[in-house]
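Participant: Sharing structure.cif (mmCIF, C-alpha atoms and all ligand atoms) below.
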```cif
data_entry
loop_
_atom_site.label_atom_id
_atom_site.label_comp_id
_atom_site.auth_asym_id
_atom_site.auth_seq_id
_atom_site.Cartn_x
_atom_site.Cartn_y
_atom_site.Cartn_z
CA MET A 10 -46.16 1.92 34.37
CA GLU A 11 -42.82 2.60 35.92
CA LYS A 12 -40.30 0.78 33.81
CA ARG A 13 -37.49 -0.92 35.69
CA TYR A 14 -34.55 -0.40 33.37
CA ALA A 15 -31.25 -2.21 33.77
CA SER A 16 -28.63 -0.46 35.84
CA ARG A 17 -26.43 -0.18 32.72
CA MET A 18 -28.82 2.52 31.46
CA GLU A 19 -28.08 4.79 34.43
CA GLY A 20 -26.42 8.02 33.42
CA LEU A 21 -26.58 7.25 29.70
CA SER A 22 -27.95 10.23 27.85
CA GLY A 23 -27.59 9.10 24.25
CA ASN A 24 -25.45 10.86 21.74
CA VAL A 25 -24.82 14.44 22.88
CA ILE A 26 -23.94 15.38 19.32
CA ARG A 27 -27.55 14.72 18.35
CA ASP A 28 -28.57 17.63 20.58
CA ILE A 29 -26.13 19.86 18.75
CA PHE A 30 -27.58 18.70 15.44
CA LYS A 31 -30.95 20.02 16.63
CA LEU A 32 -29.32 23.40 17.23
CA ILE A 33 -27.87 23.51 13.75
CA ASP A 34 -30.87 22.14 11.95
CA MET A 35 -31.37 25.40 10.05
CA PRO A 36 -31.30 26.07 6.34
CA ASP A 37 -28.12 27.59 4.92
CA ILE A 38 -25.93 26.69 7.86
CA ILE A 39 -22.40 25.64 6.89
CA SER A 40 -21.85 22.60 9.02
CA PHE A 41 -18.44 21.40 10.18
CA ALA A 42 -20.31 19.40 12.81
CA GLY A 43 -20.93 16.22 10.83
CA GLY A 44 -18.94 13.03 11.05
CA THR A 45 -20.08 11.27 7.92
CA PRO A 46 -18.51 10.77 4.51
CA SER A 47 -19.75 12.99 1.70
CA PRO A 48 -22.80 11.55 -0.12
CA SER A 49 -21.16 12.81 -3.32
CA THR A 50 -18.64 9.97 -2.91
CA PHE A 51 -21.31 7.24 -2.75
CA PRO A 52 -21.06 5.05 -5.86
CA VAL A 53 -24.81 4.74 -6.38
CA ASP A 54 -24.69 3.49 -9.98
CA ASP A 55 -21.92 1.00 -9.23
CA VAL A 56 -23.87 -0.39 -6.27
CA LYS A 57 -26.95 -0.78 -8.50
CA ARG A 58 -24.91 -2.71 -11.05
CA ILE A 59 -23.15 -4.81 -8.40
CA SER A 60 -26.45 -5.63 -6.63
CA SER A 61 -27.98 -6.94 -9.84
CA HIS A 62 -24.89 -8.93 -10.60
CA VAL A 63 -24.59 -10.61 -7.19
CA LEU A 64 -28.32 -11.35 -7.08
CA ASP A 65 -28.19 -12.82 -10.58
CA THR A 66 -25.25 -15.05 -9.75
CA GLU A 67 -25.69 -15.83 -6.03
CA GLY A 68 -29.25 -14.72 -5.24
CA ARG A 69 -30.46 -17.99 -3.67
CA ARG A 70 -27.43 -18.08 -1.39
CA ILE A 71 -27.45 -14.39 -0.47
CA LEU A 72 -31.13 -14.34 0.53
CA GLN A 73 -30.72 -17.37 2.82
CA TYR A 74 -29.32 -17.29 6.38
CA GLY A 75 -25.53 -17.36 6.37
CA ALA A 76 -22.55 -18.18 8.58
CA THR A 77 -21.89 -15.86 11.52
CA GLU A 78 -18.22 -15.60 10.53
CA GLY A 79 -19.21 -13.92 7.28
CA TYR A 80 -19.92 -14.45 3.59
CA ALA A 81 -16.99 -16.47 2.20
CA PRO A 82 -16.17 -14.14 -0.72
CA LEU A 83 -16.17 -11.10 1.61
CA ARG A 84 -13.87 -12.86 4.07
CA ALA A 85 -11.46 -13.63 1.23
CA THR A 86 -11.69 -10.04 -0.04
CA VAL A 87 -10.87 -8.61 3.38
CA ALA A 88 -7.97 -11.06 3.83
CA GLY A 89 -6.60 -9.76 0.51
CA MET A 90 -6.98 -6.16 1.66
CA MET A 91 -5.16 -7.02 4.89
CA LYS A 92 -2.26 -8.59 2.98
CA ARG A 93 -1.88 -5.39 0.98
CA ILE A 94 -1.36 -3.40 4.19
CA GLY A 95 1.02 -5.95 5.66
CA ILE A 96 -1.32 -7.83 8.01
CA ARG A 97 -0.66 -11.54 7.67
CA ALA A 98 -4.15 -12.95 8.03
CA GLY A 99 -6.20 -15.48 6.12
CA ALA A 100 -9.94 -15.52 5.46
CA GLU A 101 -10.28 -17.67 8.61
CA ASN A 102 -9.11 -14.70 10.70
CA VAL A 103 -11.82 -12.41 9.33
CA LEU A 104 -15.14 -11.94 11.11
CA ALA A 105 -17.61 -9.80 9.16
CA VAL A 106 -19.32 -7.24 11.38
CA THR A 107 -22.31 -4.93 10.97
CA GLY A 108 -20.18 -1.80 10.81
CA GLY A 109 -17.01 -1.21 12.79
CA MET A 110 -19.18 -0.16 15.72
CA GLN A 111 -20.28 -3.74 16.11
CA GLY A 112 -16.63 -4.76 16.29
CA VAL A 113 -16.20 -2.46 19.29
CA ASP A 114 -19.36 -3.86 20.84
CA LEU A 115 -18.28 -7.49 20.38
CA MET A 116 -14.91 -6.75 21.96
CA CYS A 117 -16.69 -5.19 24.94
CA LYS A 118 -19.06 -8.17 25.19
CA ALA A 119 -16.18 -10.63 25.08
CA PHE A 120 -13.93 -8.83 27.57
CA LEU A 121 -15.64 -6.38 29.88
CA ASP A 122 -17.11 -7.21 33.24
CA VAL A 123 -18.48 -4.33 35.30
CA GLY A 124 -15.57 -2.32 36.68
CA ASP A 125 -12.93 -3.68 34.28
CA ALA A 126 -10.52 -1.13 32.90
CA VAL A 127 -10.20 -0.14 29.27
CA LEU A 128 -7.72 2.47 28.04
CA VAL A 129 -8.70 5.05 25.42
CA GLU A 130 -7.04 8.03 23.79
CA SER A 131 -8.01 11.36 25.31
CA PRO A 132 -10.05 12.52 23.38
CA THR A 133 -11.58 9.60 21.50
CA PHE A 134 -14.47 8.52 19.25
CA LEU A 135 -17.77 9.25 20.95
CA GLY A 136 -19.54 6.22 19.48
CA ALA A 137 -16.97 3.85 21.00
CA LEU A 138 -17.32 5.56 24.38
CA HIS A 139 -21.07 5.10 24.21
CA THR A 140 -20.73 1.41 23.34
CA MET A 141 -18.23 0.84 26.15
CA LYS A 142 -20.35 2.63 28.75
CA LEU A 143 -23.15 0.09 28.31
CA TYR A 144 -20.76 -2.49 29.83
CA ARG A 145 -19.96 -0.24 32.80
CA PRO A 146 -16.17 -0.46 32.72
CA ARG A 147 -13.70 2.06 34.07
CA ILE A 148 -12.73 4.02 30.99
CA ILE A 149 -9.23 5.36 31.55
CA PRO A 150 -8.06 8.21 29.30
CA VAL A 151 -4.47 8.29 28.05
CA PRO A 152 -3.18 11.77 27.11
CA MET A 153 -1.93 12.56 23.62
CA ASP A 154 0.44 15.04 22.07
CA ALA A 155 0.62 16.08 18.41
CA GLU A 156 1.62 12.54 17.43
CA GLY A 157 -1.05 10.66 19.34
CA MET A 158 -1.04 8.62 22.54
CA LEU A 159 1.89 9.23 24.90
CA MET A 160 3.73 6.00 25.53
CA ASP A 161 5.01 6.74 29.05
CA ALA A 162 1.49 7.60 30.15
CA LEU A 163 0.26 4.42 28.46
CA GLU A 164 2.77 2.25 30.32
CA GLU A 165 1.94 3.87 33.64
CA ARG A 166 -1.76 3.07 33.10
CA LEU A 167 -1.07 -0.47 31.88
CA VAL A 168 0.73 -1.16 35.15
CA LYS A 169 -1.77 0.65 37.37
CA PHE A 170 -5.08 -0.49 35.83
CA ARG A 171 -4.27 -3.78 34.05
CA PRO A 172 -6.86 -2.98 31.33
CA LYS A 173 -8.67 -5.66 29.39
CA PHE A 174 -7.76 -3.81 26.21
CA ILE A 175 -6.39 -0.57 24.77
CA TYR A 176 -8.75 1.08 22.28
CA THR A 177 -6.81 3.12 19.74
CA ILE A 178 -7.56 4.86 16.45
CA PRO A 179 -3.97 5.30 15.28
CA THR A 180 -4.62 6.72 11.79
CA PHE A 181 -6.38 10.08 11.24
CA GLN A 182 -8.00 9.73 14.62
CA ASN A 183 -11.58 10.73 15.28
CA PRO A 184 -11.85 13.44 16.62
CA THR A 185 -8.32 14.91 16.28
CA GLY A 186 -7.09 13.76 12.86
CA LYS A 187 -3.79 12.74 14.52
CA THR A 188 -1.72 9.81 13.30
CA LEU A 189 0.48 7.74 15.58
CA GLY A 190 4.01 7.56 14.13
CA LEU A 191 5.81 4.32 13.33
CA GLU A 192 8.10 4.37 16.37
CA ARG A 193 5.17 4.85 18.74
CA ARG A 194 3.23 2.08 17.03
CA LYS A 195 6.16 -0.26 17.63
CA ARG A 196 6.40 0.92 21.21
CA MET A 197 2.68 0.41 21.83
CA LEU A 198 2.95 -3.18 20.64
CA GLU A 199 6.08 -3.68 22.76
CA LEU A 200 4.26 -2.35 25.83
CA ALA A 201 1.20 -4.48 25.11
CA ARG A 202 3.44 -7.55 24.94
CA LYS A 203 5.38 -6.62 28.06
CA HIS A 204 2.23 -6.06 30.12
CA GLY A 205 0.01 -8.76 28.60
CA ALA A 206 -2.44 -6.27 27.10
CA LEU A 207 -4.56 -6.48 23.99
CA ILE A 208 -4.83 -3.63 21.45
CA LEU A 209 -8.07 -2.97 19.58
CA GLU A 210 -6.81 -1.09 16.52
CA ASP A 211 -9.77 0.76 14.99
CA ASP A 212 -8.64 1.88 11.53
CA PRO A 213 -11.61 3.02 9.40
CA TYR A 214 -9.82 6.08 7.92
CA ARG A 215 -6.62 4.36 6.68
CA ASP A 216 -7.53 4.62 2.98
CA LEU A 217 -8.51 8.30 3.19
CA ARG A 218 -4.95 9.63 2.91
CA TYR A 219 -4.56 12.89 0.98
CA PHE A 220 -0.94 13.81 1.77
CA GLY A 221 2.23 12.07 2.95
CA GLU A 222 3.26 8.46 3.30
CA GLY A 223 1.26 5.64 4.89
CA VAL A 224 2.29 4.12 8.22
CA PRO A 225 1.84 0.36 8.71
CA PRO A 226 -0.93 -0.81 11.02
CA ILE A 227 0.13 -1.97 14.48
CA ALA A 228 -1.39 -5.35 13.60
CA ALA A 229 1.06 -5.67 10.70
CA MET A 230 3.93 -5.75 13.21
CA ASP A 231 2.17 -8.33 15.38
CA GLU A 232 2.92 -11.68 13.75
CA GLY A 233 0.16 -14.12 14.70
CA LEU A 234 -2.04 -11.28 15.98
CA GLU A 235 -1.23 -12.27 19.57
CA ASN A 236 -1.73 -8.77 20.98
CA THR A 237 -3.90 -7.00 18.43
CA ALA A 238 -7.38 -7.18 16.97
CA TYR A 239 -7.71 -5.08 13.81
CA LEU A 240 -10.97 -3.39 12.92
CA MET A 241 -11.67 -2.25 9.34
CA SER A 242 -14.81 -0.76 7.85
CA PHE A 243 -16.34 -0.16 4.44
CA SER A 244 -18.22 2.88 5.79
CA LYS A 245 -15.70 5.49 4.67
CA ILE A 246 -14.63 3.88 1.38
CA LEU A 247 -17.99 2.60 0.10
CA SER A 248 -21.04 3.44 2.20
CA PRO A 249 -21.87 3.65 5.91
CA GLY A 250 -25.49 2.73 5.15
CA LEU A 251 -24.52 -0.76 4.01
CA ARG A 252 -23.12 -1.48 7.52
CA VAL A 253 -20.18 -3.72 6.61
CA GLY A 254 -16.87 -3.97 8.38
CA ALA A 255 -14.62 -6.75 9.65
CA ILE A 256 -12.57 -7.61 12.68
CA ILE A 257 -9.37 -9.55 12.11
CA ALA A 258 -8.20 -11.67 14.99
CA GLU A 259 -6.27 -14.81 15.94
CA PRO A 260 -8.39 -18.00 16.01
CA GLY A 261 -9.10 -18.09 19.76
CA LEU A 262 -10.31 -14.49 19.93
CA HIS A 263 -12.08 -14.86 16.57
CA ARG A 264 -14.11 -17.73 18.02
CA LYS A 265 -15.10 -15.78 21.15
CA LEU A 266 -16.22 -12.80 19.06
CA THR A 267 -18.18 -15.11 16.75
CA ILE A 268 -20.00 -16.59 19.75
CA CYS A 269 -20.89 -13.06 20.91
CA LYS A 270 -22.12 -12.09 17.44
CA GLN A 271 -24.32 -15.21 17.18
CA GLY A 272 -26.37 -13.81 20.03
CA VAL A 273 -26.70 -10.37 18.49
CA ASP A 274 -27.62 -10.47 14.79
CA VAL A 275 -26.65 -14.02 13.68
CA HIS A 276 -24.73 -12.53 10.77
CA THR A 277 -24.21 -9.30 8.84
CA SER A 278 -26.48 -8.81 5.81
CA LEU A 279 -25.21 -11.15 3.09
CA LEU A 280 -26.36 -8.78 0.35
CA ALA A 281 -24.33 -5.98 1.90
CA GLN A 282 -21.30 -8.27 2.30
CA ALA A 283 -21.59 -9.47 -1.31
CA ILE A 284 -21.76 -5.87 -2.56
CA ALA A 285 -18.70 -4.88 -0.51
CA SER A 286 -16.76 -7.89 -1.75
CA GLU A 287 -17.53 -7.24 -5.42
CA PHE A 288 -16.86 -3.51 -4.94
CA VAL A 289 -13.26 -4.38 -4.11
CA ASP A 290 -12.68 -7.46 -6.29
CA GLY A 291 -14.45 -5.99 -9.33
CA GLY A 292 -12.06 -3.01 -9.29
CA TYR A 293 -14.72 -0.45 -8.33
CA LEU A 294 -12.89 0.67 -5.15
CA ALA A 295 -9.67 1.24 -7.07
CA ARG A 296 -11.57 3.35 -9.60
CA ASN A 297 -13.62 5.35 -7.05
CA LEU A 298 -11.17 6.03 -4.24
CA PRO A 299 -8.84 8.43 -6.11
CA GLN A 300 -11.81 10.69 -6.87
CA SER A 301 -12.94 10.74 -3.22
CA ILE A 302 -9.36 11.43 -2.13
CA GLU A 303 -9.05 14.32 -4.55
CA THR A 304 -12.32 15.84 -3.34
CA TYR A 305 -11.43 15.51 0.33
CA ARG A 306 -7.88 16.79 -0.26
CA ASP A 307 -9.22 20.08 -1.66
CA GLN A 308 -11.67 20.39 1.20
CA LEU A 309 -9.04 19.69 3.87
CA SER A 310 -6.68 22.22 2.23
CA ALA A 311 -9.43 24.87 2.27
CA MET A 312 -10.09 24.23 5.95
CA LEU A 313 -6.41 24.37 6.94
CA LYS A 314 -5.95 27.60 4.99
CA GLY A 315 -8.98 29.06 6.76
CA PHE A 316 -7.10 28.94 10.08
CA ASP A 317 -4.76 31.68 8.80
CA ALA A 318 -7.45 34.27 9.60
CA PHE A 319 -8.04 32.93 13.14
CA PRO A 320 -6.71 34.98 16.06
CA ALA A 321 -3.23 34.27 17.39
CA GLY A 322 -3.09 31.55 19.99
CA VAL A 323 -5.48 29.16 18.25
CA SER A 324 -3.70 25.88 17.57
CA HIS A 325 -4.94 23.12 15.31
CA THR A 326 -3.92 19.73 13.96
CA LYS A 327 -2.71 19.34 10.37
CA PRO A 328 -4.04 15.92 9.42
CA GLU A 329 -2.85 14.15 6.27
CA GLY A 330 -6.17 12.33 5.87
CA GLY A 331 -9.43 11.31 7.50
CA LEU A 332 -12.41 13.60 8.01
CA PHE A 333 -11.52 15.86 10.95
CA VAL A 334 -9.37 18.76 12.14
CA TRP A 335 -9.08 19.54 15.85
CA ALA A 336 -8.55 23.02 17.24
CA GLU A 337 -7.73 24.44 20.66
CA LEU A 338 -8.57 28.00 21.57
CA PRO A 339 -6.45 29.94 24.02
CA GLY A 340 -7.14 30.06 27.73
CA GLU A 341 -10.61 29.82 29.14
CA THR A 342 -12.56 30.19 25.89
CA ASP A 343 -15.63 27.94 25.99
CA THR A 344 -16.37 26.54 22.52
CA ALA A 345 -19.97 25.77 23.55
CA GLU A 346 -20.43 29.56 23.85
CA VAL A 347 -18.53 30.15 20.60
CA LEU A 348 -20.91 27.70 18.90
CA LYS A 349 -23.95 29.80 19.84
CA GLU A 350 -22.39 32.87 18.17
CA ALA A 351 -21.13 30.82 15.23
CA VAL A 352 -24.61 29.43 14.52
CA LYS A 353 -25.94 32.99 14.38
CA LYS A 354 -23.31 33.70 11.68
CA GLY A 355 -24.24 30.51 9.82
CA VAL A 356 -21.52 28.01 10.72
CA ALA A 357 -21.43 25.09 13.14
CA PHE A 358 -18.91 22.65 14.67
CA ILE A 359 -18.80 20.26 17.61
CA PRO A 360 -17.42 21.54 20.94
CA GLY A 361 -14.60 19.17 21.87
CA ALA A 362 -15.49 18.50 25.52
CA SER A 363 -17.91 15.72 24.49
CA PHE A 364 -15.03 13.56 23.23
CA PHE A 365 -13.35 13.31 26.63
CA THR A 366 -14.20 11.03 29.51
CA GLU A 367 -12.71 13.46 32.02
CA PRO A 368 -14.05 16.98 32.71
CA GLY A 369 -12.53 20.11 31.18
CA HIS A 370 -11.24 20.72 27.65
CA ALA A 371 -14.00 23.31 27.03
CA ASN A 372 -11.59 25.23 24.77
CA THR A 373 -11.45 22.49 22.11
CA MET A 374 -13.47 21.91 18.94
CA ARG A 375 -13.83 19.31 16.17
CA LEU A 376 -14.20 20.51 12.61
CA ASN A 377 -15.34 18.14 9.86
CA PHE A 378 -14.51 19.00 6.26
CA SER A 379 -16.31 16.28 4.29
CA MET A 380 -19.77 17.80 3.96
CA SER A 381 -19.14 21.05 2.04
CA ASP A 382 -17.16 21.90 -1.08
CA ALA A 383 -13.91 23.84 -0.76
CA ALA A 384 -15.46 27.25 -1.51
CA THR A 385 -18.15 26.75 1.13
CA ILE A 386 -15.53 25.63 3.65
CA THR A 387 -13.54 28.79 2.96
CA ARG A 388 -16.67 30.84 3.60
CA GLY A 389 -17.50 28.93 6.80
CA MET A 390 -13.96 29.28 8.15
CA GLY A 391 -14.23 33.02 7.42
CA PHE A 392 -17.40 33.26 9.53
CA LEU A 393 -15.72 31.33 12.32
CA ALA A 394 -12.69 33.61 12.17
CA GLU A 395 -14.99 36.63 12.48
CA VAL A 396 -16.67 35.17 15.56
CA LEU A 397 -13.32 34.44 17.19
CA GLN A 398 -11.82 37.81 16.17
CA SER A 399 -14.81 39.52 17.76
CA GLY A 400 -13.40 38.47 21.12
CA MET A 401 -15.38 35.33 21.80
C1 LIG A 501 -13.01 5.72 14.82
C2 LIG A 501 -14.30 5.19 14.32
N1 LIG A 501 -14.57 3.89 14.49
C3 LIG A 501 -15.72 3.36 14.04
C4 LIG A 501 -16.66 4.14 13.42
C5 LIG A 501 -17.96 3.52 13.02
O1 LIG A 501 -17.93 3.08 11.75
P1 LIG A 501 -18.96 2.03 11.17
O2 LIG A 501 -19.87 2.79 10.26
O3 LIG A 501 -18.08 1.07 10.44
O4 LIG A 501 -19.70 1.40 12.29
C6 LIG A 501 -16.43 5.49 13.21
C7 LIG A 501 -17.43 6.32 12.55
O5 LIG A 501 -17.44 7.51 12.53
C8 LIG A 501 -15.21 6.03 13.69
O6 LIG A 501 -14.93 7.33 13.56
#
```
Can the structure in the file be given as structure tokens, please?

Facilitator:
Amino acid sequence: MEKRYASRMEGLSGNVIRDIFKLIDMPDIISFAGGTPSPSTFPVDDVKRISSHVLDTEGRRILQYGATEGYAPLRATVAGMMKRIGIRAGAENVLAVTGGMQGVDLMCKAFLDVGDAVLVESPTFLGALHTMKLYRPRIIPVPMDAEGMLMDALEERLVKFRPKFIYTIPTFQNPTGKTLGLERRKRMLELARKHGALILEDDPYRDLRYFGEGVPPIAAMDEGLENTAYLMSFSKILSPGLRVGAIIAEPGLHRKLTICKQGVDVHTSLLAQAIASEFVDGGYLARNLPQSIETYRDQLSAMLKGFDAFPAGVSHTKPEGGLFVWAELPGETDTAEVLKEAVKKGVAFIPGASFFTEPGHANTMRLNFSMSDAATITRGMGFLAEVLQSGM
């Protein structure tokens, strides 16, 4: 039969990166195309131990339905984590979500009517763009420089489009690895207040810092969380497969998001929430994170060093954390064409154009450094340098 799909499905093609994964699905390819944490960082034995423990102690509660707002110990754990990064929130401000992606979805559900404006960094996280598109808003890109979103451009768009919210990834941004500096964070909050805008601060990479000093979250400067909703995730510090994150919001917004979540999955898996809570409160995170940081630091250093052999005119970000480096090739170079040659040599990356809502930017690329060890990264960057040196 001819299926009469909803109009929201029009023009949605699914994740374009999946198509690239098909292209690179070859043995022995060195992939900088991924976006996931390294499986070597997954604390499998700890999770086994924690699962047994929480089932032994709370099994009858964990296997029952639970509150939409979240499992009480997890909410308390997240509130504690927020305090440590300067966000004044209690457990009552925490809504457990099924991965940070669900936080983005709930914000869209609560705020976006067809045609409403939402502001995003240009480029931004592809998954968030996909989620937003299902609500058919006008997605307005805000340009960035080396330090993230440009504040004059942001103000201009706040005035012109009156967006329902600003979606920002201020720390080790996906896809660029850029971090918004303290002064710009203050300014963004100031502008949000001045123009009555809400900021969705998506911060899943905060704890993956390998160099330099931390910058406070925007939400930490927003007493009472009047203009910010803060999104955290356990995906990059514990496991993405568990699907646990949290959105931290003032009571009115928290309630609206809870109502939206009730209609989606009732609540996030209690077993997963219990594991995440014990992972932090039992001291496992504090023991595991330094090892992950050390591993990723070596890998990032190898990737950054690899750029030395690239031809002149290639520029790239120098992130202090996260999972990604962003590069721009000179002139008209099309990284989709470079990818074809690179795959023949045995290395892959994601052409950057997919991360933009506007056309162009064919000369950009995202390189992930979490999936190979430092020596392999050095080799892969060497292959890529050869491809680029060959005049691609
Ligand atoms: C900026 C950003 N937000 C959210 C997510 C999704 O994370 P989660 O696994 O918590 O849904 C990702 C994952 O790559 C991301 O890069």

Participant: Show me which residues are within 7 Å of ligand LIG 501 (chain A) counting all atoms listed in the file, and format the list as a list in words.

Facilitator: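 So, counting all atoms listed in the file, the residues near ligand LIG 501 (chain A) are Gly44, Thr45, Thr107, Gly108, Gly109, Met110, Gln111, Phe134, Ala137, Ile178, Gln182, Asn183, Asp211, Asp212, Pro213, Ser242, Phe243, Ser244, Pro249, Arg252, Val253 and Gly254 of chain A.
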
Participant: Mind giving me the straight-line distance from CA of Val334 in chain A to CA of Gly361 in chain A in Å, one decimal?

Facilitator: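 These two atoms are separated by 11.1 Å.
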
Participant: Would you write out, as CSV, a table of all residues in range 141-214 of chain A that have an atom no more than 7 Å from an atom of range 112-122 of chain A, listing for each the closest atom pair and the distance in Å to one decimal, considering all atoms listed in the file and ordering rows by chain and rising residue number?

Facilitator:
```
residue,atom,partner,partner_atom,distance
A:Met141,CA,A:Cys117,CA,6.3
A:Tyr144,CA,A:Leu121,CA,6.4
A:Pro146,CA,A:Leu121,CA,6.6
A:Lys173,CA,A:Phe120,CA,6.4
```

Participant: What gap, in Å, lies between CA of Asn372 in chain A and CA of Pro152 in chain A?

Facilitator: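 Going from CA of Asn372 in chain A over to CA of Pro152 in chain A, I get 16.0 Å.
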
Participant: Per residue of range 336-382 of chain A within 10 Å of range 317-332 of chain A, record the nearest atom pair and its distance in Å to one decimal, counting all atoms listed in the file, with rows in chain order and ascending residue number, as a tab-separated table.

Facilitator:
```
residue	atom	partner	partner_atom	distance
A:Ala336	CA	A:His325	CA	4.1
A:Glu337	CA	A:Ser324	CA	5.3
A:Leu338	CA	A:Val323	CA	4.7
A:Pro339	CA	A:Gly322	CA	5.5
A:Gly340	CA	A:Gly322	CA	8.9
A:Asn372	CA	A:Val323	CA	9.8
A:Thr373	CA	A:His325	CA	9.4
A:Met374	CA	A:His325	CA	9.3
A:Arg375	CA	A:His325	CA	9.7
A:Leu376	CA	A:Leu332	CA	8.5
A:Asn377	CA	A:Leu332	CA	5.7
A:Phe378	CA	A:Leu332	CA	6.1
A:Ser379	CA	A:Leu332	CA	6.0
A:Met380	CA	A:Leu332	CA	9.4
```

Participant: Smallest atom-to-atom distance to Glu78 in chain A: which of A:Gly233, A:Ser248, A:Ile208, A:His276, using all atoms listed in the file?

Facilitator: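 Closest to Glu78 in chain A, using all atoms listed in the file: A:His276.
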